[in-house]
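Asker: Below is the file start_13.txt, which contains compact mmCIF, C-alpha atoms.
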# COMPACT_ATOMS: atom_id res chain seq x y z
CA ARG A 11 106.04 70.70 121.32
CA MET A 12 103.76 72.09 118.65
CA PRO A 13 105.24 75.37 117.38
CA THR A 14 103.17 78.52 117.30
CA ALA A 15 103.61 81.79 115.43
CA THR A 16 105.28 83.34 118.46
CA THR A 17 107.66 80.45 119.13
CA ALA A 18 108.62 80.11 115.47
CA PRO A 19 112.17 81.51 115.64
CA ALA A 20 113.17 79.19 118.50
CA VAL A 21 111.32 76.06 117.41
CA VAL A 22 111.33 76.07 113.64
CA LEU A 23 114.58 77.64 112.42
CA GLY A 24 116.61 74.61 113.48
CA ARG A 25 114.62 72.39 111.11
CA MET A 26 114.57 74.79 108.21
CA ALA A 27 117.63 73.51 106.41
CA ALA A 28 116.02 70.08 106.06
CA LEU A 29 112.56 71.39 105.25
CA GLN A 30 111.38 70.61 101.74
CA PRO A 31 107.99 71.50 100.26
CA ALA A 32 105.59 68.58 99.96
CA PRO A 33 104.55 67.49 96.45
CA LEU A 34 101.49 69.29 95.17
CA ASP A 35 98.32 67.39 96.12
CA ARG A 36 95.85 67.91 93.30
CA THR A 37 93.18 65.62 94.76
CA MET A 38 92.63 66.98 98.29
CA ARG A 39 89.88 69.63 98.53
CA GLN A 40 91.28 73.12 99.02
CA LEU A 41 89.44 76.06 97.42
CA THR A 42 85.93 75.39 98.73
CA VAL A 43 83.09 77.66 99.74
CA ARG A 44 83.24 76.51 103.36
CA ALA A 45 86.99 77.13 103.58
CA VAL A 46 86.68 80.70 102.30
CA ALA A 47 83.52 81.40 104.33
CA THR A 48 85.13 80.09 107.52
CA GLY A 49 88.17 82.30 106.95
CA MET A 50 85.97 85.34 106.25
CA VAL A 51 83.88 84.88 109.41
CA LEU A 52 86.86 84.14 111.66
CA GLY A 53 88.84 86.99 110.10
CA GLY A 54 85.99 89.41 110.76
CA LEU A 55 85.68 88.32 114.38
CA LEU A 56 89.42 88.23 115.05
CA SER A 57 89.87 91.65 113.41
CA LEU A 58 87.84 93.08 116.30
CA CYS A 59 90.43 91.65 118.69
CA ASN A 60 93.27 93.30 116.76
CA LEU A 61 91.41 96.60 116.52
CA TYR A 62 90.80 96.62 120.27
CA SER A 63 94.33 95.60 121.26
CA GLY A 64 95.81 97.90 118.61
CA LEU A 65 93.93 100.94 119.89
CA LYS A 66 94.61 100.05 123.52
CA ILE A 67 98.26 99.01 123.48
CA GLY A 68 99.45 99.30 119.86
CA TRP A 69 99.95 95.56 119.22
CA SER A 70 98.20 93.00 117.08
CA ASN A 71 98.55 89.30 116.21
CA ASN A 72 98.38 87.57 112.84
CA MET A 73 95.83 85.06 114.27
CA SER A 74 96.91 82.27 111.88
CA VAL A 75 97.25 79.51 114.48
CA THR A 76 94.14 80.70 116.35
CA ALA A 77 92.06 80.60 113.15
CA ALA A 78 93.40 77.15 112.23
CA LEU A 79 92.45 75.76 115.64
CA LEU A 80 89.00 77.36 115.60
CA GLY A 81 88.28 76.19 112.06
CA PHE A 82 89.42 72.67 112.90
CA ALA A 83 87.21 72.57 116.03
CA PHE A 84 84.13 74.01 114.31
CA TRP A 85 84.07 71.60 111.39
CA ARG A 86 84.91 68.61 113.57
CA ALA A 87 81.92 69.52 115.77
CA MET A 88 79.73 69.94 112.68
CA SER A 89 80.76 66.51 111.39
CA ALA A 90 79.59 65.02 114.69
CA VAL A 91 76.15 66.59 114.20
CA ARG A 92 75.65 65.48 110.61
CA PRO A 93 77.77 63.34 108.27
CA MET A 94 79.96 65.39 105.93
CA ALA A 95 83.31 65.29 104.22
CA PRO A 96 86.21 66.03 106.59
CA PHE A 97 87.58 69.58 106.70
CA THR A 98 90.92 68.90 105.00
CA MET A 99 94.30 70.31 105.96
CA LEU A 100 94.44 72.34 102.73
CA GLU A 101 90.96 73.75 103.37
CA ASN A 102 92.11 74.74 106.86
CA ASN A 103 95.22 76.32 105.39
CA LEU A 104 93.03 78.44 103.12
CA ASN A 105 90.83 79.26 106.13
CA GLN A 106 93.76 80.47 108.26
CA THR A 107 95.18 82.43 105.32
CA ALA A 108 91.89 84.28 104.76
CA ALA A 109 91.35 84.75 108.49
CA SER A 110 94.82 86.19 109.11
CA ALA A 111 94.36 88.56 106.16
CA GLY A 112 91.02 89.72 107.58
CA ALA A 113 92.41 90.02 111.11
CA ALA A 114 95.27 92.17 109.81
CA ILE A 115 92.89 94.84 108.50
CA SER A 116 93.86 96.89 111.56
CA SER A 117 97.22 97.47 109.84
CA ALA A 118 95.47 99.41 107.05
CA GLY A 119 95.47 102.53 109.22
CA LEU A 120 92.59 101.78 111.56
CA VAL A 121 94.66 101.86 114.76
CA ALA A 122 97.22 104.56 113.98
CA PRO A 123 96.89 107.24 111.24
CA ILE A 124 93.07 107.38 111.04
CA PRO A 125 92.52 107.74 114.82
CA ALA A 126 95.47 110.15 115.01
CA LEU A 127 93.94 112.34 112.29
CA THR A 128 90.64 112.38 114.18
CA LEU A 129 92.37 113.35 117.43
CA ILE A 130 94.37 116.13 115.78
CA ASP A 131 91.85 117.90 113.54
CA GLY A 132 88.53 116.11 114.08
CA THR A 133 88.39 114.42 110.65
CA SER A 134 85.86 111.58 110.75
CA LEU A 135 85.13 109.31 107.80
CA SER A 136 81.77 107.59 107.35
CA TRP A 137 81.77 103.79 107.18
CA PRO A 138 81.51 103.56 103.34
CA LEU A 139 84.39 106.00 102.83
CA LEU A 140 86.53 104.33 105.48
CA ALA A 141 85.84 100.91 103.93
CA LEU A 142 86.78 102.25 100.48
CA TRP A 143 90.02 103.76 101.80
CA THR A 144 90.92 100.53 103.61
CA PHE A 145 90.18 98.58 100.43
CA SER A 146 92.60 100.77 98.47
CA VAL A 147 95.36 100.20 101.05
CA CYS A 148 94.78 96.45 100.84
CA CYS A 149 95.00 96.60 97.04
CA VAL A 150 98.44 98.18 97.30
CA GLY A 151 99.55 95.40 99.65
CA ILE A 152 98.21 92.64 97.40
CA VAL A 153 99.94 94.08 94.34
CA VAL A 154 103.26 94.27 96.20
CA ALA A 155 102.84 90.69 97.51
CA ILE A 156 102.16 89.34 94.01
CA GLY A 157 105.22 91.12 92.68
CA LEU A 158 107.51 89.77 95.40
CA ARG A 159 106.15 86.23 95.60
CA ARG A 160 108.33 84.46 93.04
CA GLN A 161 111.59 86.18 93.99
CA MET A 162 111.26 85.83 97.76
CA LEU A 163 109.59 82.41 97.98
CA LEU A 164 110.68 80.44 94.92
CA VAL A 165 114.06 81.96 94.05
CA ASP A 166 115.56 83.27 97.30
CA ARG A 167 113.55 80.76 99.38
CA LEU A 168 113.32 83.05 102.40
CA PRO A 169 112.20 81.11 105.48
CA PHE A 170 109.30 83.32 106.73
CA PRO A 171 109.35 81.56 110.15
CA SER A 172 105.76 82.47 111.10
CA GLY A 173 104.49 80.83 107.92
CA ILE A 174 106.60 77.74 108.60
CA ALA A 175 105.21 77.61 112.14
CA SER A 176 101.62 77.77 110.85
CA ALA A 177 102.35 74.98 108.37
CA GLU A 178 103.94 72.81 111.07
CA THR A 179 100.96 73.45 113.33
CA LEU A 180 98.54 72.33 110.63
CA LYS A 181 100.55 69.19 109.88
CA GLU A 182 100.76 68.16 113.53
CA MET A 183 97.12 69.10 114.14
CA TYR A 184 95.92 66.67 111.48
CA ALA A 185 98.45 64.01 112.50
CA SER A 186 97.34 64.14 116.14
CA GLY A 187 93.73 65.25 116.41
CA LYS A 188 93.46 64.75 120.20
CA GLU A 189 96.22 67.26 120.87
CA ALA A 190 94.52 69.79 118.59
CA VAL A 191 91.22 69.34 120.44
CA ALA A 192 93.00 69.84 123.77
CA ARG A 193 94.50 73.08 122.49
CA VAL A 194 91.10 74.26 121.32
CA TRP A 195 89.64 73.66 124.78
CA MET A 196 92.56 75.57 126.30
CA LEU A 197 91.84 78.41 123.87
CA VAL A 198 88.15 78.42 124.80
CA GLY A 199 88.91 78.23 128.52
CA ALA A 200 91.35 81.13 128.42
CA GLY A 201 88.85 83.19 126.42
CA ALA A 202 86.05 82.45 128.90
CA LEU A 203 88.28 83.44 131.82
CA ALA A 204 89.29 86.71 130.16
CA ALA A 205 85.66 87.50 129.32
CA ALA A 206 84.57 86.79 132.90
CA VAL A 207 87.24 89.10 134.31
CA LYS A 208 86.26 91.86 131.85
CA VAL A 209 82.56 91.54 132.75
CA ALA A 210 83.44 91.69 136.45
CA GLU A 211 85.47 94.82 135.76
CA HIS A 212 82.54 96.49 133.96
CA LEU A 213 80.22 95.55 136.82
CA LYS A 214 82.77 97.13 139.20
CA LEU A 215 83.20 93.86 141.09
CA VAL A 216 86.95 94.21 140.58
CA GLY A 217 89.04 97.26 139.75
CA LYS A 218 92.47 98.83 139.77
CA VAL A 219 94.39 98.63 143.04
CA ALA A 220 96.84 101.48 143.54
CA LEU A 221 100.24 100.58 144.93
CA PRO A 222 100.97 101.90 148.44
CA GLY A 223 103.33 104.76 149.15
CA ARG A 224 103.56 108.52 148.74
CA TYR A 225 106.16 111.27 148.95
CA ALA A 226 106.15 114.98 149.71
CA GLY A 227 107.49 117.21 146.97
CA ALA A 228 107.09 120.59 145.32
CA ALA A 229 103.69 119.47 143.99
CA GLY A 230 102.56 118.55 147.51
CA SER A 231 101.86 115.04 148.74
CA VAL A 232 102.00 112.67 145.77
CA SER A 233 100.79 109.06 146.01
CA ALA A 234 101.77 106.06 143.91
CA GLY A 235 98.22 106.13 142.55
CA ASN A 236 98.74 109.71 141.36
CA LEU A 237 101.77 108.47 139.41
CA THR A 238 99.51 105.80 137.81
CA LEU A 239 101.28 102.98 139.65
CA ALA A 240 98.57 100.37 140.12
CA VAL A 241 97.68 96.74 139.47
CA GLU A 242 94.90 96.38 136.90
CA PRO A 243 92.88 93.14 136.52
CA ASN A 244 93.31 93.05 132.75
CA LEU A 245 94.17 89.69 131.20
CA LEU A 246 94.82 91.37 127.85
CA MET A 247 98.13 92.57 129.25
CA VAL A 248 98.89 89.12 130.68
CA GLY A 249 98.26 87.53 127.29
CA ILE A 250 100.41 90.07 125.45
CA GLY A 251 103.18 89.50 127.98
CA GLY A 252 103.05 85.79 127.27
CA LEU A 253 103.24 86.41 123.52
CA ILE A 254 106.12 88.89 123.51
CA GLY A 255 108.20 87.02 126.07
CA LEU A 256 110.13 87.84 129.24
CA ARG A 257 112.81 90.03 127.66
CA ALA A 258 110.37 92.44 126.02
CA GLY A 259 108.11 92.36 129.09
CA LEU A 260 110.96 93.29 131.43
CA SER A 261 112.00 96.05 129.02
CA LEU A 262 108.49 97.52 129.20
CA LEU A 263 108.49 97.24 133.00
CA LEU A 264 111.84 99.02 133.18
CA GLY A 265 110.54 101.78 130.90
CA ALA A 266 107.46 102.24 133.10
CA ILE A 267 109.61 102.45 136.26
CA VAL A 268 112.01 104.96 134.72
CA ALA A 269 109.17 107.08 133.33
CA TYR A 270 106.69 107.12 136.22
CA VAL A 271 108.91 106.50 139.26
CA VAL A 272 111.99 108.53 138.27
CA LEU A 273 111.09 111.09 135.60
CA ALA A 274 107.49 111.89 136.58
CA PRO A 275 108.40 113.18 140.10
CA ILE A 276 111.16 115.30 138.52
CA ALA A 277 108.69 116.76 136.01
CA LEU A 278 106.22 117.57 138.82
CA GLY A 279 108.91 119.09 140.99
CA GLN A 280 110.20 121.31 138.17
CA GLY A 281 106.70 122.39 137.18
CA TRP A 282 106.94 120.82 133.72
CA ALA A 283 103.87 118.67 134.45
CA VAL A 284 100.85 119.97 136.38
CA ALA A 285 99.38 117.89 139.20
CA GLY A 286 95.77 116.77 138.90
CA ALA A 287 93.06 115.99 141.43
CA PRO A 288 94.43 114.50 144.70
CA ASP A 289 92.44 111.26 144.35
CA ALA A 290 93.03 110.68 140.61
CA ALA A 291 95.73 109.14 138.43
CA TRP A 292 97.62 111.91 136.63
CA PHE A 293 98.29 109.99 133.43
CA ILE A 294 97.27 112.73 130.97
CA PRO A 295 99.32 115.60 132.48
CA LEU A 296 102.31 113.31 133.03
CA ASN A 297 102.06 111.72 129.59
CA LYS A 298 102.02 115.13 127.88
CA TRP A 299 105.57 115.58 129.12
CA LEU A 300 106.82 111.97 129.08
CA LEU A 301 105.60 111.58 125.49
CA TRP A 302 108.55 113.46 124.03
CA PRO A 303 111.52 111.51 125.44
CA GLY A 304 109.53 108.33 124.76
CA VAL A 305 108.92 109.20 121.11
CA ALA A 306 112.56 110.23 120.67
CA MET A 307 113.73 106.85 121.95
CA MET A 308 111.21 104.96 119.80
CA VAL A 309 112.18 106.82 116.61
CA THR A 310 115.91 106.47 117.26
CA SER A 311 115.60 102.78 118.15
CA ALA A 312 113.44 102.04 115.10
CA LEU A 313 115.76 103.81 112.67
CA THR A 314 118.85 102.19 114.22
CA SER A 315 117.25 98.76 113.90
CA PHE A 316 116.30 99.66 110.33
CA ALA A 317 119.91 100.60 109.58
CA PHE A 318 121.23 97.30 110.97
CA SER A 319 118.98 95.50 108.46
CA TRP A 320 120.98 96.96 105.57
CA ARG A 321 121.85 93.52 104.15
CA SER A 322 118.18 92.59 103.90
CA ILE A 323 117.38 96.02 102.47
CA ALA A 324 120.07 95.66 99.80
CA GLY A 325 118.89 92.14 99.02
CA ALA A 326 115.34 93.37 98.51
CA PHE A 327 116.43 95.26 95.39
CA ARG A 328 118.77 92.61 94.02
CA ARG A 329 117.23 89.86 91.92
CA THR A 330 119.11 86.59 92.37
CA ARG A 331 118.97 83.18 90.80
CA GLY A 332 118.34 80.73 93.61
CA GLY A 333 118.60 76.98 93.50
CA GLY A 334 115.03 76.37 94.55
CA SER A 335 112.35 74.96 92.32
CA THR A 336 110.54 77.52 90.24
CA GLU A 337 107.79 75.12 89.13
CA ASP A 338 104.62 77.05 89.85
CA THR A 339 101.23 76.99 88.20
CA GLY A 340 99.77 79.82 90.25
CA GLU A 341 101.84 82.71 88.97
CA VAL A 342 100.01 85.89 87.96
CA SER A 343 101.09 87.11 84.50
CA ARG A 344 103.14 90.28 84.28
CA THR A 345 100.40 91.93 82.20
CA TRP A 346 97.75 91.35 84.84
CA TRP A 347 100.17 92.42 87.59
CA LEU A 348 100.91 95.71 85.82
CA ARG A 349 97.18 96.34 85.37
CA GLY A 350 96.56 95.64 89.04
CA ALA A 351 99.43 97.93 90.07
CA ALA A 352 98.04 100.74 87.92
CA VAL A 353 94.54 100.33 89.41
CA ALA A 354 95.89 100.28 92.98
CA LEU A 355 98.07 103.33 92.33
CA VAL A 356 95.31 105.41 90.72
CA LEU A 357 92.69 104.41 93.29
CA SER A 358 94.95 105.26 96.22
CA VAL A 359 95.98 108.64 94.78
CA LEU A 360 92.40 109.63 93.93
CA LEU A 361 91.17 108.72 97.40
CA GLN A 362 94.01 110.61 99.10
CA VAL A 363 93.06 113.70 97.13
CA ALA A 364 89.29 113.30 97.63
CA LEU A 365 89.21 112.18 101.28
CA PHE A 366 92.22 113.95 102.81
CA ASP A 367 92.82 116.89 100.46
CA ILE A 368 96.41 115.81 99.77
CA PHE A 369 98.18 117.41 96.80
CA TRP A 370 98.30 114.73 94.08
CA PRO A 371 102.12 114.66 93.53
CA ILE A 372 102.57 114.09 97.27
CA ALA A 373 99.88 111.38 97.18
CA LEU A 374 101.58 109.71 94.21
CA LEU A 375 104.97 109.81 95.92
CA GLY A 376 103.41 108.33 99.05
CA VAL A 377 102.21 105.24 97.18
CA LEU A 378 105.52 104.81 95.36
CA VAL A 379 107.44 105.07 98.64
CA SER A 380 105.03 102.52 100.12
CA PHE A 381 105.90 100.12 97.29
CA VAL A 382 109.61 100.47 98.04
CA LEU A 383 109.30 100.17 101.82
CA ALA A 384 106.96 97.20 101.49
CA ILE A 385 109.67 95.40 99.54
CA VAL A 386 112.10 96.11 102.36
CA ALA A 387 109.60 95.07 105.04
CA GLY A 388 108.82 91.81 103.23
CA ARG A 389 112.48 90.94 102.92
CA VAL A 390 113.24 91.66 106.59
CA ALA A 391 110.16 89.72 107.72
CA GLY A 392 111.12 86.77 105.54
CA GLU A 393 114.58 86.57 107.07
CA THR A 394 114.00 87.59 110.69
CA ASN A 395 110.27 86.98 111.40
CA VAL A 396 109.96 90.63 112.45
CA THR A 397 108.11 93.07 110.20
CA PRO A 398 109.61 96.54 110.82
CA ILE A 399 106.28 98.37 110.62
CA GLY A 400 107.33 100.93 113.23
CA ALA A 401 110.56 101.74 111.42
CA MET A 402 108.74 102.02 108.09
CA GLY A 403 106.26 104.46 109.60
CA LYS A 404 109.02 106.60 111.09
CA VAL A 405 110.84 106.76 107.75
CA THR A 406 107.74 107.93 105.87
CA GLN A 407 106.76 110.42 108.57
CA LEU A 408 110.22 111.99 108.57
CA LEU A 409 110.23 112.13 104.76
CA PHE A 410 106.81 113.75 104.39
CA GLY A 411 107.40 115.98 107.38
CA ALA A 412 110.17 117.51 105.29
CA LEU A 413 108.28 117.48 101.97
CA ALA A 414 105.00 118.84 103.36
CA PRO A 415 105.90 120.67 106.59
CA GLY A 416 103.03 121.55 108.87
CA GLN A 417 100.53 119.35 107.00
CA VAL A 418 99.03 116.61 109.13
CA ALA A 419 97.26 114.45 106.53
CA PRO A 420 100.25 113.77 104.20
CA ASN A 421 102.41 112.92 107.20
CA LEU A 422 99.91 110.40 108.58
Will you turn the file into structure tokens for me?
Answerer:
Amino acid sequence: RMPTATTAPAVVLGRMAALQPAPLDRTMRQLTVRAVATGMVLGGLLSLCNLYSGLKIGWSNNMSVTAALLGFAFWRAMSAVRPMAPFTMLENNLNQTAASAGAAISSAGLVAPIPALTLIDGTSLSWPLLALWTFSVCCVGIVVAIGLRRQMLLVDRLPFPSGIASAETLKEMYASGKEAVARVWMLVGAGALAAAVKVAEHLKLVGKVALPGRYAGAAGSVSAGNLTLAVEPNLLMVGIGGLIGLRAGLSLLLGAIVAYVVLAPIALGQGWAVAGAPDAAWFIPLNKWLLWPGVAMMVTSALTSFAFSWRSIAGAFRRTRGGGSTEDTGEVSRTWWLRGAAVALVLSVLLQVALFDIFWPIALLGVLVSFVLAIVAGRVAGETNVTPIGAMGKVTQLLFGALAPGQVAPNL
């Protein structure tokens, strides 16, 4: 079975001990205009998917395998229209790298701190300013990645299972083109089905169906629909459920049952939450109360998970001499890295002060803390295939909540 980014831990880790990097191929086309342009276009389109799913449910996907399949299909179709050189595996690798970087732009604050700031105090950045701020965040990430590359990849040889899965997918795709084409058609078919369902929902041909049942309590007669218990024809949730797996899906279902079947009636009965219109779903009044135990559990779980990663955290700050090959012609010199780090640091601090009115020492500390936590996150992701973004966010929010109490912008 061809591994994907989501099946990487189960499929790929067993082979990792025997995995050796292929010799450098200096003849196959790699850095071409069409490879970069394909990655830019696909990254831009797929970033919209991550922005939508991030704002709706808080999740995103790295889109590497999706971009590789789409790039493969597009250039194979183009070669059938007019003769051209084949789209090589290394070109496709560059395409999926650029596309996944573009698709991950949602992680630069576009689905969490920026919308939260707007909701709290009405701050709204124009497109040029928002693009400039996002660019500065990306610069910080690139500088950190360059600094960690040799130690984590060439010396410590961390597995990074998602990257291994993408590489295996590319290798098998080019070894067996028919299977890749079949997967592309499955991708297109699933997308067409999801689009059709969404259009039908907008045209009100289909809609939410409330579950049956009601009870009589202190708030009067309360229906399952009032408690937001309904079936929604949304294939986004079905797709996410398939990606995160049964265990996480059942955990979410259990959380929903505990929150809206057990705790919500208690909150209504005690008067902590106020009932809404009889024929409406009372999500907003119920969520205002359920938010607090939910956030407490999320913060505690994230920090506990963070604490259990102490070996990876310690390893992130310990330079080791691994047995792997350190032959590498693509290393950025220390001088250029230091210059890039200085530019990223200054740009980020200046923009924090100018756009969000953050006191410059706090802004400076924020970037330095980001450097440190990015090292930790990279190490944990390389070893476990899970990037502890949530835990990182909780750590910084708790820190700056103490350093700048009552100030929203530094915290976010």
Asker: Using only C-alpha atoms, which protein or nucleic acid residues come within 10 Å of Gly265 in chain A? Drop anything in the same chain fewer than 6 positions from it, and give the result as a PyMOL selection string.
Answerer: chain A and resi 259+271+304
Asker: Between CA of Asn103 in chain A and CA of Ile156 in chain A, measure the distance and give it in Å to one decimal.
Answerer: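 Between CA of Asn103 in chain A and CA of Ile156 in chain A the gap is 18.6 Å.
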Asker: Give me the residues near Val418 in chain A as an MDAnalysis selection string, where near means some atom within 10 Å (using all atoms listed in the file) and where sequence neighbours in that chain fewer than 4 positions away do not count.
Answerer: chainID A and resid 123 126:127 130:131 366 368 407 410:411 414 422
Asker: Since we have the selection now, will you write its residues out, keeping C-alpha atoms, as a CSV table (one decimal), in the coordinates of the input?
Answerer:
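File written: out_5.csv
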chain,number,residue,atom,x,y,z
A,123,PRO,CA,96.9,107.2,111.2
A,126,ALA,CA,95.5,110.2,115.0
A,127,LEU,CA,93.9,112.3,112.3
A,130,ILE,CA,94.4,116.1,115.8
A,131,ASP,CA,91.8,117.9,113.5
A,366,PHE,CA,92.2,114.0,102.8
A,368,ILE,CA,96.4,115.8,99.8
A,407,GLN,CA,106.8,110.4,108.6
A,410,PHE,CA,106.8,113.8,104.4
A,411,GLY,CA,107.4,116.0,107.4
A,414,ALA,CA,105.0,118.8,103.4
A,422,LEU,CA,99.9,110.4,108.6
Asker: Nearest to Ala109 in chain A among A:Pro96, A:Gly350, A:Gly53, A:Ser136, with distances taken over only C-alpha atoms: which residue is it?
Answerer: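 Result for the nearest residue to Ala109 in chain A: A:Gly53.
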Asker: If I take CA of Leu357 in chain A and CA of Pro420 in chain A, how far is one from the other in Å, to one decimal?
Answerer: 16.2 Å
Asker: Start from the incomplete input, build N, CA and C atoms for range 401-414 of chain A, and deliver everything as a CSV table (one decimal), in the frame of the given file.
Answerer:
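So the final result, stored in out32.csv, reads:
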chain,number,residue,atom,x,y,z
A,401,ALA,N,109.5,101.0,112.1
A,401,ALA,CA,110.6,101.7,111.4
A,401,ALA,C,110.1,102.3,110.1
A,402,MET,N,109.3,101.5,109.4
A,402,MET,CA,108.7,102.0,108.1
A,402,MET,C,107.9,103.3,108.3
A,403,GLY,N,107.1,103.3,109.3
A,403,GLY,CA,106.3,104.5,109.6
A,403,GLY,C,107.1,105.7,109.9
A,404,LYS,N,108.2,105.5,110.7
A,404,LYS,CA,109.0,106.6,111.1
A,404,LYS,C,109.7,107.2,109.9
A,405,VAL,N,110.2,106.3,109.0
A,405,VAL,CA,110.8,106.8,107.8
A,405,VAL,C,109.9,107.6,106.9
A,406,THR,N,108.7,107.2,106.7
A,406,THR,CA,107.7,107.9,105.9
A,406,THR,C,107.3,109.2,106.6
A,407,GLN,N,107.2,109.2,107.9
A,407,GLN,CA,106.8,110.4,108.6
A,407,GLN,C,107.9,111.5,108.5
A,408,LEU,N,109.1,111.0,108.7
A,408,LEU,CA,110.2,112.0,108.6
A,408,LEU,C,110.3,112.6,107.2
A,409,LEU,N,110.1,111.7,106.2
A,409,LEU,CA,110.2,112.1,104.8
A,409,LEU,C,109.1,113.2,104.4
A,410,PHE,N,107.9,112.8,104.8
A,410,PHE,CA,106.8,113.8,104.4
A,410,PHE,C,106.7,114.9,105.3
A,411,GLY,N,107.3,114.8,106.5
A,411,GLY,CA,107.4,116.0,107.4
A,411,GLY,C,108.3,117.0,106.7
A,412,ALA,N,109.3,116.6,106.0
A,412,ALA,CA,110.2,117.5,105.3
A,412,ALA,C,109.6,118.0,104.0
A,413,LEU,N,108.9,117.1,103.3
A,413,LEU,CA,108.3,117.5,102.0
A,413,LEU,C,107.0,118.3,102.1
A,414,ALA,N,106.2,118.1,103.2
A,414,ALA,CA,105.0,118.8,103.4
A,414,ALA,C,104.9,119.3,104.8
